[in-house]
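Below is the file structure.cif, which contains mmCIF, C-alpha atoms (C1' of nucleotides).
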data_structure
#
loop_
_atom_site.group_PDB
_atom_site.id
_atom_site.type_symbol
_atom_site.label_atom_id
_atom_site.label_comp_id
_atom_site.auth_asym_id
_atom_site.auth_seq_id
_atom_site.Cartn_x
_atom_site.Cartn_y
_atom_site.Cartn_z
ATOM 1 C CA MET A 1 -141.897 16.666 -28.271
ATOM 2 C CA ASP A 2 -141.301 13.185 -29.498
ATOM 3 C CA SER A 3 -137.976 11.563 -30.075
ATOM 4 C CA VAL A 4 -138.113 11.621 -33.871
ATOM 5 C CA LEU A 5 -138.772 15.327 -33.930
ATOM 6 C CA TYR A 6 -136.075 15.846 -31.384
ATOM 7 C CA LEU A 7 -133.538 14.114 -33.580
ATOM 8 C CA LYS A 8 -134.619 15.958 -36.692
ATOM 9 C CA LYS A 9 -134.298 19.287 -34.960
ATOM 10 C CA GLN A 10 -130.713 18.419 -34.141
ATOM 11 C CA LYS A 11 -130.104 17.302 -37.711
ATOM 12 C CA MET A 12 -129.231 13.857 -36.549
ATOM 13 C CA LYS A 13 -130.204 10.887 -38.653
ATOM 14 C CA VAL A 14 -133.245 9.177 -37.283
ATOM 15 C CA THR A 15 -132.428 5.585 -36.476
ATOM 16 C CA LYS A 16 -134.045 2.908 -34.359
ATOM 17 C CA GLY A 17 -131.309 2.978 -31.774
ATOM 18 C CA ARG A 18 -131.318 6.729 -31.380
ATOM 19 C CA ILE A 19 -135.068 6.869 -31.035
ATOM 20 C CA ALA A 20 -134.943 4.302 -28.294
ATOM 21 C CA ILE A 21 -132.157 6.095 -26.461
ATOM 22 C CA ILE A 22 -133.773 9.520 -26.648
ATOM 23 C CA GLU A 23 -137.029 8.078 -25.452
ATOM 24 C CA VAL A 24 -135.433 6.626 -22.369
ATOM 25 C CA LEU A 25 -133.711 9.926 -21.646
ATOM 26 C CA MET A 26 -136.937 11.854 -22.124
ATOM 27 C CA HIS A 27 -138.899 9.678 -19.786
ATOM 28 C CA CYS A 28 -136.420 9.952 -16.984
ATOM 29 C CA LYS A 29 -136.370 12.794 -14.528
ATOM 30 C CA LYS A 30 -132.983 12.129 -13.069
ATOM 31 C CA ALA A 31 -129.554 11.388 -14.404
ATOM 32 C CA ILE A 32 -129.114 7.806 -15.535
ATOM 33 C CA THR A 33 -126.231 5.552 -16.446
ATOM 34 C CA VAL A 34 -125.294 4.160 -19.815
ATOM 35 C CA GLU A 35 -126.065 0.700 -18.530
ATOM 36 C CA TYR A 36 -129.536 1.793 -17.510
ATOM 37 C CA ILE A 37 -130.217 3.289 -20.913
ATOM 38 C CA TYR A 38 -128.940 0.168 -22.613
ATOM 39 C CA GLU A 39 -131.145 -2.116 -20.562
ATOM 40 C CA SER A 40 -134.193 0.075 -20.825
ATOM 41 C CA CYS A 41 -133.923 0.020 -24.589
ATOM 42 C CA GLN A 42 -133.878 -3.750 -24.522
ATOM 43 C CA GLN A 43 -136.877 -3.904 -22.235
ATOM 44 C CA ASN A 44 -138.732 -1.657 -24.623
ATOM 45 C CA GLY A 45 -137.952 -4.196 -27.307
ATOM 46 C CA LYS A 46 -135.737 -1.708 -29.099
ATOM 47 C CA SER A 47 -132.225 -2.942 -28.788
ATOM 48 C CA ALA A 48 -129.202 -0.752 -29.345
ATOM 49 C CA ASP A 49 -125.667 -1.865 -28.941
ATOM 50 C CA LEU A 50 -123.769 -0.551 -25.942
ATOM 51 C CA SER A 51 -121.334 1.217 -28.225
ATOM 52 C CA THR A 52 -124.246 2.850 -29.974
ATOM 53 C CA VAL A 53 -125.486 4.158 -26.668
ATOM 54 C CA TYR A 54 -122.057 5.572 -25.927
ATOM 55 C CA ARG A 55 -121.761 7.076 -29.368
ATOM 56 C CA THR A 56 -125.195 8.623 -29.276
ATOM 57 C CA LEU A 57 -124.531 10.138 -25.896
ATOM 58 C CA ASP A 58 -121.252 11.518 -27.168
ATOM 59 C CA THR A 59 -123.031 13.121 -30.080
ATOM 60 C CA LEU A 60 -125.642 14.584 -27.791
ATOM 61 C CA GLU A 61 -122.950 15.918 -25.526
ATOM 62 C CA SER A 62 -121.073 17.511 -28.381
ATOM 63 C CA LYS A 63 -124.304 19.239 -29.349
ATOM 64 C CA ASP A 64 -124.646 20.382 -25.766
ATOM 65 C CA LEU A 65 -127.939 18.615 -25.310
ATOM 66 C CA VAL A 66 -127.032 16.451 -22.420
ATOM 67 C CA ASN A 67 -125.375 16.849 -19.068
ATOM 68 C CA LYS A 68 -122.791 14.272 -18.151
ATOM 69 C CA PHE A 69 -121.399 13.747 -14.707
ATOM 70 C CA ASP A 70 -120.052 11.222 -12.316
ATOM 71 C CA LEU A 71 -121.635 10.562 -8.970
ATOM 72 C CA GLY A 72 -118.518 9.138 -7.419
ATOM 73 C CA ASP A 73 -119.010 5.581 -8.502
ATOM 74 C CA GLY A 74 -116.797 5.561 -11.551
ATOM 75 C CA LYS A 75 -119.423 5.758 -14.202
ATOM 76 C CA TYR A 76 -121.174 8.585 -15.918
ATOM 77 C CA ASN A 77 -124.744 9.646 -15.535
ATOM 78 C CA TYR A 78 -126.590 11.526 -18.226
ATOM 79 C CA LEU A 79 -129.458 13.964 -18.118
ATOM 80 C CA LEU A 80 -131.122 15.887 -20.915
ATOM 81 C CA LYS A 81 -130.306 19.554 -20.562
ATOM 82 C CA ASP A 82 -133.847 20.691 -21.107
ATOM 83 C CA LYS A 83 -134.660 19.290 -17.694
ATOM 84 C CA ILE A 84 -132.161 21.567 -16.042
ATOM 85 C CA HIS A 85 -132.690 25.161 -15.088
ATOM 86 C CA LYS A 86 -130.002 27.776 -15.518
ATOM 87 C CA HIS A 87 -128.017 29.978 -13.227
ATOM 88 C CA ILE A 88 -126.281 33.221 -13.907
ATOM 89 C CA ILE A 89 -122.583 33.730 -13.447
ATOM 90 C CA GLU A 90 -121.588 37.359 -13.275
ATOM 91 C CA CYS A 91 -118.149 38.709 -13.987
ATOM 92 C CA SER A 92 -117.070 40.734 -10.983
ATOM 93 C CA CYS A 93 -115.009 42.883 -13.282
ATOM 94 C CA CYS A 94 -117.074 43.775 -16.355
ATOM 95 C CA HIS A 95 -120.384 42.662 -14.850
ATOM 96 C CA LYS A 96 -121.232 40.651 -17.900
ATOM 97 C CA LYS A 97 -123.726 37.919 -17.122
ATOM 98 C CA GLN A 98 -123.630 34.424 -18.575
ATOM 99 C CA GLU A 99 -125.913 31.472 -18.232
ATOM 100 C CA ILE A 100 -124.657 28.163 -16.953
ATOM 101 C CA ASP A 101 -126.478 24.901 -16.478
ATOM 102 C CA CYS A 102 -127.423 24.516 -12.871
ATOM 103 C CA PRO A 103 -124.395 22.819 -11.408
ATOM 104 C CA MET A 104 -126.347 21.668 -8.398
ATOM 105 C CA VAL A 105 -127.990 18.804 -10.234
ATOM 106 C CA GLN A 106 -125.111 16.500 -9.579
ATOM 107 C CA ILE A 107 -124.484 17.931 -6.136
ATOM 108 C CA GLU A 108 -128.057 17.322 -5.130
ATOM 109 C CA GLU A 109 -127.833 13.793 -6.391
ATOM 110 C CA LEU A 110 -124.723 13.294 -4.286
ATOM 111 C CA ILE A 111 -126.363 14.748 -1.194
ATOM 112 C CA LYS A 112 -129.333 12.459 -1.715
ATOM 113 C CA ASN A 113 -127.128 9.422 -1.986
ATOM 114 C CA LYS A 114 -124.670 10.192 0.768
ATOM 115 C CA MET A 115 -126.779 12.012 3.312
ATOM 116 C CA GLY A 116 -130.287 10.830 2.641
ATOM 117 C CA TYR A 117 -131.792 14.248 2.057
ATOM 118 C CA SER A 118 -134.670 14.555 -0.366
ATOM 119 C CA THR A 119 -136.570 17.375 -2.052
ATOM 120 C CA ILE A 120 -133.491 19.499 -2.080
ATOM 121 C CA GLN A 121 -133.720 23.166 -2.929
ATOM 122 C CA HIS A 122 -130.942 25.617 -3.385
ATOM 123 C CA GLU A 123 -130.130 29.231 -3.868
ATOM 124 C CA LEU A 124 -126.881 29.987 -5.584
ATOM 125 C CA LYS A 125 -124.959 33.051 -6.624
ATOM 126 C CA ILE A 126 -121.728 32.736 -8.527
ATOM 127 C CA LYS A 127 -119.234 35.407 -9.436
ATOM 128 C CA GLY A 128 -115.848 35.233 -11.016
ATOM 129 C CA ILE A 129 -113.556 36.965 -13.417
ATOM 130 C CA CYS A 130 -114.276 36.127 -17.020
ATOM 131 C CA GLU A 131 -111.674 35.153 -19.550
ATOM 132 C CA GLU A 132 -111.530 38.508 -21.343
ATOM 133 C CA CYS A 133 -111.158 40.538 -18.171
ATOM 134 C CA LYS A 134 -108.451 38.238 -16.965
ATOM 135 C CA LYS A 135 -106.543 38.628 -20.219
ATOM 136 C CA SER A 136 -106.920 42.392 -20.450
ATOM 137 C CA LYS A 137 -105.625 42.811 -16.932
ATOM 138 C CA LYS A 138 -102.372 41.079 -17.673
ATOM 139 C CA MET B 1 -98.414 20.341 10.048
ATOM 140 C CA ASP B 2 -96.008 17.960 8.437
ATOM 141 C CA SER B 3 -96.881 14.747 6.729
ATOM 142 C CA VAL B 4 -95.517 12.424 9.420
ATOM 143 C CA LEU B 5 -97.561 14.101 12.084
ATOM 144 C CA TYR B 6 -100.565 14.042 9.826
ATOM 145 C CA LEU B 7 -100.274 10.298 9.392
ATOM 146 C CA LYS B 8 -99.743 9.677 13.088
ATOM 147 C CA LYS B 9 -102.806 11.686 13.972
ATOM 148 C CA GLN B 10 -104.824 9.455 11.716
ATOM 149 C CA LYS B 11 -103.238 6.373 13.246
ATOM 150 C CA MET B 12 -101.887 5.346 9.916
ATOM 151 C CA LYS B 13 -98.518 3.683 9.739
ATOM 152 C CA VAL B 14 -95.844 6.068 8.611
ATOM 153 C CA THR B 15 -94.254 4.794 5.438
ATOM 154 C CA LYS B 16 -92.118 6.366 2.744
ATOM 155 C CA GLY B 17 -94.841 6.154 0.148
ATOM 156 C CA ARG B 18 -97.501 7.691 2.351
ATOM 157 C CA ILE B 19 -95.270 10.536 3.389
ATOM 158 C CA ALA B 20 -94.558 11.331 -0.218
ATOM 159 C CA ILE B 21 -98.221 11.188 -1.184
ATOM 160 C CA ILE B 22 -99.424 13.337 1.705
ATOM 161 C CA GLU B 23 -96.734 15.860 0.968
ATOM 162 C CA VAL B 24 -97.862 16.239 -2.601
ATOM 163 C CA LEU B 25 -101.452 16.635 -1.474
ATOM 164 C CA MET B 26 -100.498 19.197 1.134
ATOM 165 C CA HIS B 27 -98.545 21.310 -1.260
ATOM 166 C CA CYS B 28 -101.308 21.471 -3.794
ATOM 167 C CA LYS B 29 -104.108 23.991 -3.637
ATOM 168 C CA LYS B 30 -106.356 22.375 -6.164
ATOM 169 C CA ALA B 31 -107.634 18.901 -6.808
ATOM 170 C CA ILE B 32 -105.115 16.661 -8.512
ATOM 171 C CA THR B 33 -105.161 13.322 -10.278
ATOM 172 C CA VAL B 34 -103.675 10.049 -9.163
ATOM 173 C CA GLU B 35 -101.267 10.234 -12.064
ATOM 174 C CA TYR B 36 -100.098 13.649 -10.966
ATOM 175 C CA ILE B 37 -99.482 12.452 -7.433
ATOM 176 C CA TYR B 38 -97.633 9.419 -8.706
ATOM 177 C CA GLU B 39 -95.355 11.474 -10.926
ATOM 178 C CA SER B 40 -94.754 14.161 -8.345
ATOM 179 C CA CYS B 41 -93.607 11.530 -5.898
ATOM 180 C CA GLN B 42 -91.111 10.265 -8.413
ATOM 181 C CA GLN B 43 -89.835 13.739 -9.129
ATOM 182 C CA ASN B 44 -89.325 14.253 -5.442
ATOM 183 C CA GLY B 45 -87.194 11.139 -5.508
ATOM 184 C CA LYS B 46 -89.701 9.309 -3.345
ATOM 185 C CA SER B 47 -91.266 6.692 -5.487
ATOM 186 C CA ALA B 48 -94.513 5.005 -4.616
ATOM 187 C CA ASP B 49 -96.211 2.431 -6.749
ATOM 188 C CA LEU B 50 -99.391 3.487 -8.519
ATOM 189 C CA SER B 51 -101.343 0.941 -6.546
ATOM 190 C CA THR B 52 -99.952 2.410 -3.374
ATOM 191 C CA VAL B 53 -101.182 5.800 -4.405
ATOM 192 C CA TYR B 54 -104.631 4.393 -5.058
ATOM 193 C CA ARG B 55 -104.647 2.500 -1.803
ATOM 194 C CA THR B 56 -103.484 5.446 0.217
ATOM 195 C CA LEU B 57 -106.119 7.666 -1.320
ATOM 196 C CA ASP B 58 -108.745 5.051 -0.573
ATOM 197 C CA THR B 59 -107.669 4.960 3.033
ATOM 198 C CA LEU B 60 -107.750 8.730 3.246
ATOM 199 C CA GLU B 61 -111.178 8.761 1.711
ATOM 200 C CA SER B 62 -112.502 6.179 4.123
ATOM 201 C CA LYS B 63 -111.243 8.372 6.938
ATOM 202 C CA ASP B 64 -113.032 11.279 5.332
ATOM 203 C CA LEU B 65 -109.839 13.242 4.910
ATOM 204 C CA VAL B 66 -109.961 13.730 1.221
ATOM 205 C CA ASN B 67 -112.464 14.872 -1.356
ATOM 206 C CA LYS B 68 -112.710 12.800 -4.495
ATOM 207 C CA PHE B 69 -114.445 13.883 -7.643
ATOM 208 C CA ASP B 70 -114.408 13.651 -11.363
ATOM 209 C CA LEU B 71 -114.070 16.678 -13.577
ATOM 210 C CA GLY B 72 -115.650 15.048 -16.571
ATOM 211 C CA ASP B 73 -112.531 13.515 -17.981
ATOM 212 C CA GLY B 74 -112.936 10.007 -16.646
ATOM 213 C CA LYS B 75 -110.482 10.153 -13.828
ATOM 214 C CA TYR B 76 -110.679 11.207 -10.252
ATOM 215 C CA ASN B 77 -109.203 14.272 -8.695
ATOM 216 C CA TYR B 78 -108.355 14.456 -5.028
ATOM 217 C CA LEU B 79 -108.170 17.318 -2.595
ATOM 218 C CA LEU B 80 -107.420 17.330 1.111
ATOM 219 C CA LYS B 81 -110.562 18.218 3.012
ATOM 220 C CA ASP B 82 -108.854 20.689 5.261
ATOM 221 C CA LYS B 83 -108.561 22.958 2.260
ATOM 222 C CA ILE B 84 -112.293 23.059 1.825
ATOM 223 C CA HIS B 85 -114.737 25.209 3.711
ATOM 224 C CA LYS B 86 -118.116 23.945 4.807
ATOM 225 C CA HIS B 87 -121.686 24.816 4.041
ATOM 226 C CA ILE B 88 -124.797 24.269 6.031
ATOM 227 C CA ILE B 89 -127.699 22.216 4.828
ATOM 228 C CA GLU B 90 -130.887 22.845 6.744
ATOM 229 C CA CYS B 91 -133.806 20.489 6.977
ATOM 230 C CA SER B 92 -136.883 22.385 5.876
ATOM 231 C CA CYS B 93 -138.930 20.195 8.170
ATOM 232 C CA CYS B 94 -137.164 19.908 11.529
ATOM 233 C CA HIS B 95 -134.751 22.784 10.863
ATOM 234 C CA LYS B 96 -131.815 20.695 11.931
ATOM 235 C CA LYS B 97 -128.579 22.000 10.448
ATOM 236 C CA GLN B 98 -125.782 19.825 9.143
ATOM 237 C CA GLU B 99 -122.393 20.643 7.735
ATOM 238 C CA ILE B 100 -121.375 19.509 4.296
ATOM 239 C CA ASP B 101 -118.120 19.963 2.454
ATOM 240 C CA CYS B 102 -118.457 22.811 0.049
ATOM 241 C CA PRO B 103 -119.774 21.102 -3.065
ATOM 242 C CA MET B 104 -118.737 23.995 -5.226
ATOM 243 C CA VAL B 105 -115.094 22.989 -5.303
ATOM 244 C CA GLN B 106 -115.609 20.668 -8.198
ATOM 245 C CA ILE B 107 -118.124 22.959 -9.846
ATOM 246 C CA GLU B 108 -115.723 25.860 -9.732
ATOM 247 C CA GLU B 109 -113.044 23.697 -11.239
ATOM 248 C CA LEU B 110 -115.418 22.784 -14.039
ATOM 249 C CA ILE B 111 -116.367 26.407 -14.647
ATOM 250 C CA LYS B 112 -112.702 27.321 -14.780
ATOM 251 C CA ASN B 113 -111.973 24.627 -17.305
ATOM 252 C CA LYS B 114 -115.006 25.000 -19.501
ATOM 253 C CA MET B 115 -115.728 28.696 -19.350
ATOM 254 C CA GLY B 116 -112.415 30.262 -18.485
ATOM 255 C CA TYR B 117 -113.557 32.047 -15.377
ATOM 256 C CA SER B 118 -111.100 32.539 -12.560
ATOM 257 C CA THR B 119 -111.227 33.669 -8.939
ATOM 258 C CA ILE B 120 -114.675 32.262 -8.578
ATOM 259 C CA GLN B 121 -116.740 33.080 -5.532
ATOM 260 C CA HIS B 122 -120.084 31.730 -4.542
ATOM 261 C CA GLU B 123 -122.902 32.075 -2.140
ATOM 262 C CA LEU B 124 -124.978 29.000 -1.555
ATOM 263 C CA LYS B 125 -127.971 28.041 0.514
ATOM 264 C CA ILE B 126 -129.235 24.495 0.541
ATOM 265 C CA LYS B 127 -132.363 23.097 2.063
ATOM 266 C CA GLY B 128 -133.926 19.696 1.910
ATOM 267 C CA ILE B 129 -135.800 17.145 3.920
ATOM 268 C CA CYS B 130 -133.561 15.026 6.078
ATOM 269 C CA GLU B 131 -133.729 11.270 6.308
ATOM 270 C CA GLU B 132 -135.529 11.115 9.669
ATOM 271 C CA CYS B 133 -138.206 13.598 8.698
ATOM 272 C CA LYS B 134 -138.794 11.775 5.476
ATOM 273 C CA LYS B 135 -139.212 8.483 7.320
ATOM 274 C CA SER B 136 -141.457 9.829 10.044
ATOM 275 C CA LYS B 137 -143.771 11.376 7.496
ATOM 276 C CA LYS B 138 -144.436 8.102 5.787
ATOM 277 C "C1'" DC C 1 -126.420 5.527 -54.079
ATOM 278 C "C1'" DT C 2 -123.522 7.124 -50.512
ATOM 279 C "C1'" DG C 3 -122.050 8.771 -46.215
ATOM 280 C "C1'" DG C 4 -123.240 8.488 -41.655
ATOM 281 C "C1'" DG C 5 -124.621 4.977 -38.168
ATOM 282 C "C1'" DT C 6 -124.451 0.277 -36.301
ATOM 283 C "C1'" DG C 7 -122.926 -4.133 -34.279
ATOM 284 C "C1'" DC C 8 -119.315 -6.828 -32.982
ATOM 285 C "C1'" DA C 9 -114.959 -7.747 -31.116
ATOM 286 C "C1'" DA C 10 -110.752 -6.072 -29.737
ATOM 287 C "C1'" DA C 11 -108.206 -2.335 -27.617
ATOM 288 C "C1'" DT C 12 -107.629 1.396 -24.110
ATOM 289 C "C1'" DT C 13 -107.774 3.641 -19.888
ATOM 290 C "C1'" DC C 14 -108.373 3.963 -15.131
ATOM 291 C "C1'" DT C 15 -108.717 1.407 -11.032
ATOM 292 C "C1'" DT C 16 -108.679 -2.740 -8.127
ATOM 293 C "C1'" DT C 17 -106.900 -7.073 -6.391
ATOM 294 C "C1'" DG C 18 -103.951 -11.297 -5.004
ATOM 295 C "C1'" DC C 19 -99.891 -12.545 -3.189
ATOM 296 C "C1'" DA C 20 -95.193 -12.867 -1.628
ATOM 297 C "C1'" DA C 21 -91.729 -9.883 0.171
ATOM 298 C "C1'" DA C 22 -90.588 -5.822 2.890
ATOM 299 C "C1'" DA C 23 -91.357 -2.266 6.281
ATOM 300 C "C1'" DC C 24 -93.226 -0.579 10.458
ATOM 301 C "C1'" DC C 25 -94.040 -0.429 15.511
ATOM 302 C "C1'" DG D 1 -92.464 -10.823 15.708
ATOM 303 C "C1'" DG D 2 -96.757 -10.051 14.035
ATOM 304 C "C1'" DT D 3 -99.359 -6.978 11.319
ATOM 305 C "C1'" DT D 4 -99.696 -3.630 7.787
ATOM 306 C "C1'" DT D 5 -98.213 -1.967 3.747
ATOM 307 C "C1'" DT D 6 -95.893 -2.408 -0.543
ATOM 308 C "C1'" DG D 7 -94.609 -3.651 -5.393
ATOM 309 C "C1'" DC D 8 -95.558 -6.242 -9.134
ATOM 310 C "C1'" DA D 9 -98.392 -8.393 -12.297
ATOM 311 C "C1'" DA D 10 -102.682 -9.726 -13.532
ATOM 312 C "C1'" DA D 11 -107.689 -8.911 -13.355
ATOM 313 C "C1'" DG D 12 -111.766 -5.869 -13.753
ATOM 314 C "C1'" DA D 13 -114.887 -2.291 -15.124
ATOM 315 C "C1'" DA D 14 -116.200 1.454 -18.032
ATOM 316 C "C1'" DT D 15 -115.466 3.396 -22.277
ATOM 317 C "C1'" DT D 16 -113.480 3.814 -26.983
ATOM 318 C "C1'" DT D 17 -112.117 2.274 -31.452
ATOM 319 C "C1'" DG D 18 -111.575 -0.253 -36.093
ATOM 320 C "C1'" DC D 19 -113.910 -2.172 -39.541
ATOM 321 C "C1'" DA D 20 -117.206 -4.333 -42.504
ATOM 322 C "C1'" DC D 21 -121.965 -4.029 -43.248
ATOM 323 C "C1'" DC D 22 -126.395 -1.565 -43.227
ATOM 324 C "C1'" DC D 23 -129.828 1.881 -43.689
ATOM 325 C "C1'" DA D 24 -131.781 6.654 -43.816
ATOM 326 C "C1'" DG D 25 -132.016 10.493 -46.789
#
Written as structure tokens, that's how I'd like the structure from this file.
Amino acid sequence: MDSVLYLKKQKMKVTKGRIAIIEVLMHCKKAITVEYIYESCQQNGKSADLSTVYRTLDTLESKDLVNKFDLGDGKYNYLLKDKIHKHIIECSCCHKKQEIDCPMVQIEELIKNKMGYSTIQHELKIKGICEECKKSKK
Amino acid sequence: MDSVLYLKKQKMKVTKGRIAIIEVLMHCKKAITVEYIYESCQQNGKSADLSTVYRTLDTLESKDLVNKFDLGDGKYNYLLKDKIHKHIIECSCCHKKQEIDCPMVQIEELIKNKMGYSTIQHELKIKGICEECKKSKK
DNA sequence: CTGGGTGCAAATTCTTTGCAAAACC
DNA sequence: GGTTTTGCAAAGAATTTGCACCCAG
């Protein structure tokens, strides 16, 4: 899907800056910084102000389209959610199952950076007690 | 173990501020912010400057005694490592096994905050290709 | 045309740093 | 007594905000 379509689907106004930003995000497999997005836009000849990058990312986050996390260096990295697989969290009480974005994305990035591992794979099961069950037990 | 002993073991000079900071960390089960540590120290009548808190946490981090991560709100949370269990990461190539601090601590905190789950448990297997194997394959 | 989006500059927030004074061993 | 560590204030880095102007719908 191209960036214009992407924006339209989200009912966001299609502007030069947003197109440029989405394009950078789409072409990147891993989480990237605001700075990186900003500079990439410039290199593509499609400038967008830094604050526009921040604001666009905020909008995308509020629409749950982007994953935002910190890799321990004091700045955020962003990744389009459609590049992330899901996991299931199961309530140990009512056995309801819910999807969550794979939380290992940022962990894997950290392991890569700190320990030098590559091509990381994982297997993860998560259980917990969901909000409703917790309330009803009180 | 008490805070003075803790500091001595790490060959850190024992000062009022550090004692206060370590004590707060020791008494806390979950990851806490710098601000929280700072204020707790004051409430305990043992003031330590904000910069001292930062510096002490830096020292602890450099000695690998503390886990530092961001929960998506733009500030760091800290947790003593001895409260964290370990996982094993296995190299899928040479089958070497290495310990890593449970990466789920921060993820669980996030799931608690965002989804309302509590008493979260997990089961996690991680594999990857370690640095040496990656190099030797090139 | 009109409201949302942008650029610019200034403000905020969290964290780091320089330096003289104080505390530790 | 000689380092380390501290407190204070000032600097830095990342992000947010206010506002006038602009552009997509």
Inset, instruction - Kindly resolve the PyMOL selection byres ((chain C and resi 15) around 9) on the present coordinates and return the residues as a count of residues only. - result: 6
Legend entry - Pick from A:Lys135, A:Lys96, A:His87, A:Lys63 nearest to His122 of chain B, counting all atoms listed in the file: A:His87
Legend entry - Chain and number of each residue from the PyMOL selection byres ((chain A) within 12 of (chain C)), as a ChimeraX atom specification: /A:11-18,47-56,59,73-75
Pull out every residue of chain D that has at least one atom within 8 Å of chain A, counting only C-alpha atoms (C1' of nucleotides), and report them as a CSV table (one decimal) with C-alpha atoms (C1' of nucleotides), in the frame of the given file.
chain,number,residue,atom,x,y,z
D,14,DA,C1',-116.2,1.5,-18.0
D,15,DT,C1',-115.5,3.4,-22.3
D,24,DA,C1',-131.8,6.7,-43.8
Inset, instruction - To verify the selection step, state as a PyMOL selection string which residues the PyMOL selection byres ((chain A) within 7 of (chain B)) yields on this input. - result: chain A and resi 69-70+72+103+107+116-131
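Reported to one decimal place, the separation of atom CA of Glu61 of chain B from atom CA of Asp82 of chain B is 12.7 Å.
One distance worth recording is that between atom CA of Tyr38 of chain A and atom CA of Leu79 of chain A, which is 14.5 Å.
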Inset, instruction - Please measure the separation of atom CA of Asn44 of chain B and atom CA of Lys29 of chain B, giving the value in Å to one decimal. - result: 17.8 Å
Please define a box with edges along x, y and z of the file around all atoms of segment 3-14 of chain A given in the file, extend it by 6 Å on each side, and return its centre and edge lengths in Å to one decimal, as AutoDock Vina command-line options.
--center_x -134.0 --center_y 14.2 --center_z -34.4 --size_x 21.5 --size_y 22.1 --size_z 20.6
Inset, instruction - Determine, counting only C-alpha atoms (C1' of nucleotides), which protein, DNA and RNA residues have an atom within 7 Å of an atom of Tyr78 of chain B; residues of the same chain fewer than 5 positions away are not included. Present the result as a ChimeraX atom specification. - result: /B:31-33,66-69
Inset, instruction - Point out the residue among B:Leu80, B:Cys28, B:Met1, B:Ser136 with the least atom-to-atom distance to Cys93 of chain B, counting all atoms listed in the file. - result: B:Ser136
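Distances from B:Leu25, B:Val4, B:Ile19, B:Leu57 to Lys83 of chain B were compared using all atoms listed in the file, and the smallest one belongs to B:Leu25.
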